[in-house]
Structures are given as structure tokens and as C-alpha cells.
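Engineer: Okay, here's the structure, questions in a sec.
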Amino acid sequence: MSRAVIPRRTVLRGVLAGGIGVAIPLPRLAGMLNGNGTAYAGGAALPLRYGTWFFGNGINPPEWVPTTTGVGNAWTLSAPLMPLLPVKSYLQVITGLTNKIPPDPAHKGRPAAALTGANAGPTDVQLPSIDQVLAPILNAGSMPALPNGLHVGISNTSGAGALDLRVSFRGPNASNPPEYDPENVFKQLVMFGRGSTGPTTGPAGPNPELARRKRVLDAVLDDAAALRSRLGKADQVRLDQHLDGVHQIENQIAILSAMPTTPTTTSAKLVDPAVTYPNMGAVGSITALRSKAMSDLIVFALATDITRVFSFMFTCSACHGSYADAGLDPVTFHEDYGHRKSPKGLDYATKGFLTGVTYAMTNFNNTLTAMMNCADGAGNLLDNSVVYSTSCTSESQTHSGNDYPTLVAGKAGGLLKTDQHIRMVNVPPGTTGAPNGENQSKVPYTLLTCLGRPQGAWGLGDSQVSAGLPQMLA
Amino acid sequence: MTGQAPGAGGTIGQATGAAGATTGTSGPLDQPVASMRKLTIAEFTNSIHDLLGSNAPVPAQLEPDQQLDGFRSVSASLVAVSPTGVSQYETAIDGAVKYAFSSAAQAATVLTCVPASATDTACPVSQVLGAFGRRAFRRTLTAADVTRYTSVATDIAKDPGSSILIGLQYAVSAILQSPEFLYRVELGAPSAADGGRTKYTDFEMASRLASLLWVSVPDDALMNAAASGSLSTQAGVLAQAKTMLASPKAHQSMANFANDLYGMDPSSGTPLTTTFKDPAFYPNWTKTLPVAMQQELLMRVDDVAFTGDYLSLYDSATVFVNNELAKIYGLPQATPDAFRKVTLPAGSPRVGLLGAGAILASNGLPQRTSPTLRGRFVAQQLLCKTVPDPPPNVNTTVLDMLPAGASVKQTLEAHRQSAACAACHAMMDPVGLGLENFDSVGTYRMTDHNVPIDASGVLDGMAFQDEASLARVLRSHPQAASCFVGKLYEQAQGRQPLEVDQPVVAGLSQQFEAGGHRADQLLLAIVSSDAYRFVEIVTK
């Protein structure tokens, strides 16, 4: 088989040195779908996607909880949730949930529970996070270029060790650290996303560079097999986790070697974020433009099936970064607003905290709206996705676990109900959240089982659950 | 390949996290367990430079280090690299080997000789790769290893338009992408000469020494010493370590340690690299200032670590400044603007480590100081006190009653009225308040919110009036020396201390005190100790 394959670095130079955005088509073509666009022509269902969208520093429950419950017009968004109005028809707000484990230390156990179903252990989380449980399930039968997901972050300011700038965990001591630079994500995606329209000046036939990389990796795997026999069990696990990465590169080489050579057309475009968002701000700074740039890249990766899973760490647990982009003082949002320690007084800090939470939701909406605006089969990406959003605490001053922030967006291919506010306790919104609510883990459990995880206990200890919330299902 | 079963990737609840040859029950470990150690970014970068040339490019895009118990080396024995991190290694190594093999002349600086062809008998490919691989893997390659990498080179050399140089480039890339390079494999073996105790092998000792003293791979001389068996005795290790400390590369050891201990590394809880200040409050906080502050701190450490009393760092009048930092310290400008050693005038209110901009600024907030963060730094990092994280359901509403514009001191006094907060904050705040004469960037000041600053206080029964006297109190603190010893020992061992380590650290502390607090001598004492040379520790 003869292929015109372009050395990837040639392509990158062409794209980046010119500073010009390149529109790159979807490899998954309309012609590959059935008549009504709901499945592949061969009958296989369109893939479902999952994303975690995490924001640090919690909420203020009396402001957060919508005052009315129900479906559609029966409920309205609360003030901090108002930015999600454009995607309200894809949204479920679940309140009256309690994060059951003690927050010891603050901002560590609670997010660990919301993401993995278990308290943090002495060194790290104890279980894989929901996105990593779902990755192999959603990938079943295929091997995307980024099988364990695309993991991005906006703020790189830490929360003084709370969960170490991480929200995606393959297991304990095996995290997927986020990439903060949209340019680096772009470079990664352009390699797989160029499909058929890249420059056609490359040599015909197999690419010697790809073959040589494969030869190198084969030697690495051979060496590792010899090493493995010398290791204890725990180190064998770590070695295998490392080799997952080697296998991933080998798969990527196979994908690159089989890139189609005929041009295609689509609506999903990959554009250099430096071109679209020239003023997005420094890497690691919290700006809506950086968050939009990352959202565009995630949408492209999902739409082109480069990955089916993502994590978006807007800010980490107890993030000490600045929300100056939201118009707040350039201080640590955690300290001055989350804990209301602004020297300008309690009222000022409380109002500023609401501004900050609303700003986080503005950015969440940017991700969701970008997904909604991207065609996928007969519908859009949100029709075929689930995005779960949560935080590291509920009430930020007291580190309460009551009325824990829990949002779900997307229809999961019609499996999930949308446009509803479910309140799990018969208690009106209070000053510190409704106590003794339903176990918060039931929401991630519902998402896990809805997307294909077999029924059965998930999590550990106080956060463990064995049943979900049927109210969330269509 | 993802979503491992619960519990995969490490054993939670054990001090070292590595399961295996523990001595008994499932409780805390009695004895350390050897485990594979991921190279830190510093170790990876230095190793690439030592193996491929100091100008070989190493991109910043590498999986971030993490810290456990405040040290990258402790985390390195537990963590696994993500798939993205493995890709980043491939990219980084690809770029570095391309540089090293860009010409035969360049390759000659990396290899023992450059084979002219795949069948060159004067300079055999197998021999060249065996020699390179020995340093990279920190052990002699097996025949199977040599065959594996030689065939990569000779196979790729056969490609149309290829050459043996290109083949060697990929073979070296394979060696460097192997987990045997990217992780230090130091597992120990039973030593018959030592009654069967599990002991690090000679090559493993070479690896340990190079990692601790050079933050890199061994050189050929060290590998030859290992091959000759001279690292199996205490005297042999001591002799090699002395030679290594005399190398310029040894300065890396204390800088690497200081970056963790003093919170400079990006993996730290409050790293200087992402510290930000409100420009309206601190227009002097530029992008270059924190870089200069970190450099200064490392110069101060280097200045005392290899020649003098390490604890003089705590109350020394010696600083290093460029012009930007000189402005912060109130010192004169100089031409040309280069880093220079300056002795602060007698009676200077700024003295020692706690007067360093790097410490003051990184433990501060964007618009104001944080005596709590500064006090926690002293308590945790310099005196080894256990400062618990804020308790469950910590409630900060006690501060809501304060009037707008309250001084930092008033705020903290309100804080300590809450019994739940007082226990720990009493450990941190009074010491931190002793540094209130320095604003959040580190500039000297007399007032806070127009209130004259009273920086007096008491540290563990010893009164101080200001930062200068706090510095002297700190140096004479009974825990100062043993805390430093314990920290360096933990970093060197790369694991959290166990009960069996206590007598070892006590013994090292006695030596440290008796020897006039020499950090370089402490390094020698650590590496030549039984506890460092054996996996298991025997308490005498």
C-alpha cells in the first residue's frame, strides 16, 4: 500500500512558523455514517464521550441552589449558575447531596471522594478517578490516539498541596497531570488531526521516521520485559503503567502510518490558539480566553475521535490563583474571597466570592457551548457526551460537605435526562447547605453505570455507593 | 491499559509504599523496602547533559515532579509516569540525541569511538553501545542488552539513505527511553559477607552516589570503581564520595536539596515560580526578581555548604545581589550589574536565611504578608515541628468580625482567640510576626497600616526583638542542627523516615554537631553509613 505521509515535524513547522491557523477536517466522515447520522454505516453506535470539569474553592450553597425544582420551565437557574443559560436544556443540577467523608485535610479528601469515590490516602488518592474508569469502557473496540484522555488545566497555581494540581488519576500515585499551554495541546493534536489535508509534498510510501520510532520502542519493550522479572510487585505495577505510555506511542505510530490521503470536509476545525486568541494571557494564568482556547481544542479532539475522555481543571483544589480576569482584586481567590479574608471587609469578600463562582460557571459554559456548537452525527457533541462538574468543597468558609456542588451536562446519546433541578433533601437552601443529604457519590455512580460500568459497589468507606439516582436517567 | 483495579500503583498506608519484603504485619513498615526511583526532572536533565553533552537541548515539557513529605526524591519512589509523560520523554530524548549525532565529530564527544560502519572491527558498534549503556543504565549491560541495542543500530543503518551514525542515534535513543535509564533500579541483594543482609550492589551504590552527590548518572571512573568491587566497603564508598565532592558537579547536590527544603522547586507547596504579587501594592515585583531571589538563595547555600558551618546560613550577614535585588535589600547599585557577594553592615535589620527575599516573598500573599506561612516555614522546614493541616471543617468565620483595614497582626490575634485555631497557630504566628518588618516582597518597613511594627516575640522560650535577633535564636535552637540532618537524610534516602532511622539520624546529628555543622561532611557521613549502604537497617 502506497501512502503519502508527511514527516510530522515538517507539518508542524509549516503550521507554526507561518503562524497561520490550519483548518483540519474530521477524519470521521459524513459518508461513514448511516442515513440519519445516528450511527456508523456499519451499524456501530457513535462513541459516547466523558469529561470532568473541575473548579476549586467551592460555592456558597444559599446562592448556588436553584429555588425551584423540576424539569424545563419548572426550574430556573440560580445567580451563579446563570451563565449556563445557553446550555440549560443540556443541564442537570443535583442539590441536597452531601460529600460524606471528613475533609481531613481540607480540600483533599472531599475532591478525592467526588472524583474517585474514596477519601484520599496518606500519600495520594486510593482509587482511579471516574474518567479513568470510563476510558477503557468508552474506548471498547477502538484505540484512539489518546486513549486515556486529553487532560488540560487553566491555573497552574497550586492549592498548597491539596491534591497537587491533579484531577485525573489512573490509580494511586499515577496521575494524569494537566497541560496548561494551549500551544502544546495544539501541537499534539495537529499531529493526528491533520487527516488528509496536510501538505502533500512528503515522500510516498512508509515513513522511515515512524518505522524507526517503532523499532526503538520495540527495543524498549524488550528491555522492560527483562527488567520486569527483577522487580517486586509494586514496582511491576509502576513499570506496567509506564509501558502503557509506550504502547500508546506505538498505537499513535500505527494511526499516523494509516492516515487517509484523500481530502475531506467537515465543520470541526483545528486552529492555532495563538492565532484565535492572541491575547489569551500567560500560561497558567486564569483567563476566559485561555479557557476558550482549551475548550476549542477539546472539542476538536472529541469530534475527531482523537480521544473520548477529557479532564478540564479550571482551577485546582484550594487554588491560590488570582481571579483578576473576573474583575476581582489580583489576590489569592482562596484566601481573600473563599475565606473572606479580604482587608476590604466581609461584604466585599462575599460579593466577590459570588463573582468568582459565577465566573467559573461562565467558563464552564464556554466549554459546554463549544461542544454544543460542534456537529456530531445527527446532533452535536453534547448529545453524545457527559460532562461532570464538581469542586473541592461546598461552602468555602467552613469546608462543609453539604449541598455539594454537582452539575451534569449532556445527553449521553439519550441515556440521561436533561434540563432539570433535582433536590435530594426536603430542606430549603440554608446558610451552610442542607445537612445529611444523599451521598454525593451517587451522581458519579449514575454516570459510570449509565456509560457502561457494570452495577456494583463503587468507592470506599463513607463515600462508597452501590446505587445511583434513577431520576437522572431518561 | 487504564482504569486499573483499586489499589493498583502502590500500596497506600505504608511509609515507602512499596510492597514486598516487609518484615511482617501489614502495619507501618519496620524496615525500608527498596524500590525503583523515577528520575526527577533535575536528574533527567543533568544525566542527558552528562551523557550527550552539556549543550544537548532538554525541553521544559516534561512530566512535573511531585513532592511527598516535602521531597521530590521521596515521591520518586512511588509515582508512575503518565502516558503523556512517556511521550514527552520520547520527544525530549529524540531532540537530544539528534543534537548529539548531528555529525561524526559531535558523536565523538559522546561515544568512546565512532564506528565507521556497522562492521567496523577497530571500533565495534557493540562495544560503543555497551560503554554508553553502562553509564546510562548504571550497570554492565548483559549480552542480551548489547545484542538488542546493536541490532537497533545496524538494522536502521541498512535503511536507504541511512548510515551507522543514524543507526547509533536511534540505538542511543532506545537506551535512554528504557525504564532502566528513566528509573534508578536499586534493589539490593543478600550479601554473604554481611551475614546475608540485603545490601546495595556496587553498581547500585554508584547510582546512589551519583544521584545524591551529582544529581546525575555516574561517570566512567565511578563505574570502574563499582566494577572493581571497591564500593562494597565503607572505606571504598567514602573514598569515592570524597573524590565526587571535589568535582564541580557536587554543587548540584546541595542546590537540589535546597530547592526542596526552602520551597523553591515548582513542585513545592508555595513555589517562588508561581508566586504573584499585586503590582498596585508591589510595583517592584517583576518577572526577573523571583529568579534573582532563587539564585541568591542557592548562592548563599553554596557559600556555606562546602566550606563552613552550615548553620551560619541562619544568621549570616552575607548576601548575594544583582542590582534588582540590591534595591530590595537597600544596597548600592553596581556596574556592571552582576551577582556579587556583599556583607550587610553591622546592625542591619536583615540577617540570615529568614531575611532572604526568596523566603520572605514565597511565604507571602499578593497584597500583604502572611506571618502564618512564614511561621509554618520555620516550624516545618527548619525545626521539624509537625504542623497539622487545618482541621476538618475549619471555620474561618471568626475573622468576619474584624473591621476593614485591620493590620495583619490584629487579624492573627483574632485568629488565635479561637481555641481550635490557637494550638497550631501559636506554633506559627509568633515567629512569623517576628518577620513583619519585611513586606510581602521582602522590603524592609517600619509600619504596617501606619501602626509601628512590634516584631518581638518568643520562640520556644527564647525571646527575640526582631528578625536579626530571631535569626540568632534560630541558629542556637536545640532542634536546628538535628532537623537539618534529618531533612538531608530523608532526601538522601528518598523515603519517609521509619522508627529504625531514629538512632541513625541521632548518630549523624552528633557527628554533625561535633564537626562544626559541615554539610559536606554530613553528606560523606550519610553515604558511608550502614543505613545508606544496606537496604535493611540494623540498630546497634
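Identifiers for the C-alpha cells are assigned positionally: chains receive A, B, ... in sequence, residues are indexed from 1 per chain, and ligands are indexed from 1 in the order shown.
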Using DSSP secondary structure from the backbone, list all strand (DSSP E) positions within segment 52-282 of chain B, as a PyMOL selection string.

Structural biologist: chain B and resi 183-184+189-191+197-199

Engineer: Find the spatial neighbours of segment 176-182 of chain B, counting only C-alpha atoms, within a cut-off of 9 Å - ignore same-chain residues fewer than 4 positions away - and output them as a ChimeraX atom specification.

Structural biologist: /A:216-217,219-221,223-224,227,239,242-243 /B:37-39,44,48,86,89-90,93,133,136-138,171-172

Engineer: How would you write, as an MDAnalysis selection string, the set of residues in segment 151-301 of chain B that DSSP gives as alpha helix (DSSP H)?

Structural biologist: chainID B and resid 151:157 164:177 179:182 202:209 220:227 234:245 251:261 288:301

Engineer: Would you please work out which residue, of B:His49, B:Arg135, B:Arg148, B:Arg72, is nearest to chain A when using only C-alpha atoms?

Structural biologist: B:Arg148

Engineer: With only C-alpha atoms as the counted atoms, please give the residues lying no more than 9 Å from Asp181 of chain A, apart from itself and same-chain residues fewer than 5 positions off, as number ranges by chain.

Structural biologist: A: 152-154, 186, 282-284, 290, 294

Engineer: For a quick check of understanding, using only C-alpha atoms, which of B:Lys158, B:His449, B:Arg184, B:Arg376 has the smallest distance to Arg139 of chain B?

Structural biologist: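 When distances to Arg139 of chain B are compared using only C-alpha atoms, the smallest one comes from B:Arg184.
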
Engineer: Find the residues of chain A in contact range of chain B, meaning any atom within 7 Å when counting only C-alpha atoms, and list them as a VMD selection string.

Structural biologist: chain A and resid 102 to 106 121 to 123 126 to 128 132 to 133 135 to 136 148 157 to 158 160 to 161 170 to 176 212 215 to 217 219 to 220 223 to 224 232 to 235 237 to 238 241 to 242 244 to 246 248 to 249 330 to 332 339 343 to 346 397 to 400

Engineer: Keeping only C-alpha atoms, write the selected residues to a file as a short mmCIF file (atom, residue, chain, number, x, y, z; two decimals), in the first residue's frame.

Structural biologist:
```cif
data_model
loop_
_atom_site.label_atom_id
_atom_site.label_comp_id
_atom_site.auth_asym_id
_atom_site.auth_seq_id
_atom_site.Cartn_x
_atom_site.Cartn_y
_atom_site.Cartn_z
CA PRO A 102 -14.40 14.02 56.61
CA PRO A 103 -12.37 16.74 54.88
CA ASP A 104 -9.10 15.88 56.54
CA PRO A 105 -7.12 17.75 55.42
CA ALA A 106 -9.41 20.36 53.96
CA GLY A 121 -4.96 8.01 51.47
CA PRO A 122 -1.80 9.14 53.24
CA THR A 123 0.14 9.70 50.05
CA GLN A 126 -6.75 5.45 46.68
CA LEU A 127 -8.73 4.70 43.53
CA PRO A 128 -8.75 5.74 39.88
CA GLN A 132 -10.08 6.75 34.04
CA VAL A 133 -12.63 4.11 34.98
CA ALA A 135 -11.79 5.46 29.43
CA PRO A 136 -11.42 1.74 28.65
CA ASN A 148 -6.70 7.72 28.45
CA THR A 157 -1.11 27.88 40.85
CA SER A 158 -1.24 25.16 43.44
CA ALA A 160 -0.64 24.31 48.75
CA GLY A 161 -0.54 20.59 48.17
CA ARG A 170 -5.17 6.17 36.81
CA GLY A 171 -4.71 4.91 40.35
CA PRO A 172 -2.76 5.94 43.44
CA ASN A 173 0.48 7.74 42.59
CA ALA A 174 -0.37 7.53 38.91
CA SER A 175 -1.99 10.78 37.87
CA ASN A 176 -2.53 12.45 34.52
CA ARG A 212 12.47 3.89 13.28
CA ARG A 215 11.96 -0.04 16.14
CA VAL A 216 13.20 1.97 19.15
CA LEU A 217 10.04 1.29 21.14
CA ALA A 219 13.70 -2.45 21.94
CA VAL A 220 12.38 -0.53 24.96
CA ASP A 223 14.36 -4.38 27.68
CA ALA A 224 11.46 -3.71 30.04
CA GLY A 232 8.80 -6.54 43.24
CA LYS A 233 5.06 -6.45 42.72
CA ALA A 234 4.54 -2.74 43.38
CA ASP A 235 7.34 -1.77 41.01
CA VAL A 237 2.70 -2.19 38.52
CA ARG A 238 4.59 1.07 38.07
CA GLN A 241 1.91 1.89 33.91
CA HIS A 242 4.98 3.34 32.23
CA ASP A 244 1.06 1.86 28.88
CA GLY A 245 2.63 5.07 27.61
CA VAL A 246 4.99 3.17 25.30
CA GLN A 248 0.19 4.40 23.38
CA ILE A 249 3.01 5.80 21.25
CA PRO A 330 -5.35 40.32 41.98
CA VAL A 331 -5.08 38.30 45.17
CA THR A 332 -5.40 34.64 46.07
CA HIS A 339 -12.19 32.54 53.21
CA PRO A 343 -8.99 43.54 54.07
CA LYS A 344 -11.90 45.32 52.39
CA GLY A 345 -14.36 43.52 54.62
CA LEU A 346 -16.81 40.65 54.78
CA GLN A 397 -15.50 29.20 54.56
CA THR A 398 -16.47 26.20 56.66
CA HIS A 399 -15.32 23.48 54.24
CA SER A 400 -18.78 22.00 54.51
#
```

Engineer: What does the distance between atom CA of Trp458 of chain A and atom CA of Asn119 of chain A come to in Å, to one decimal place?

Structural biologist: 12.4 Å

Engineer: Taking only C-alpha atoms into account, which of A:Met191, A:Val465, A:Val425, A:Leu448 comes nearest Val387 of chain A?

Structural biologist: A:Leu448
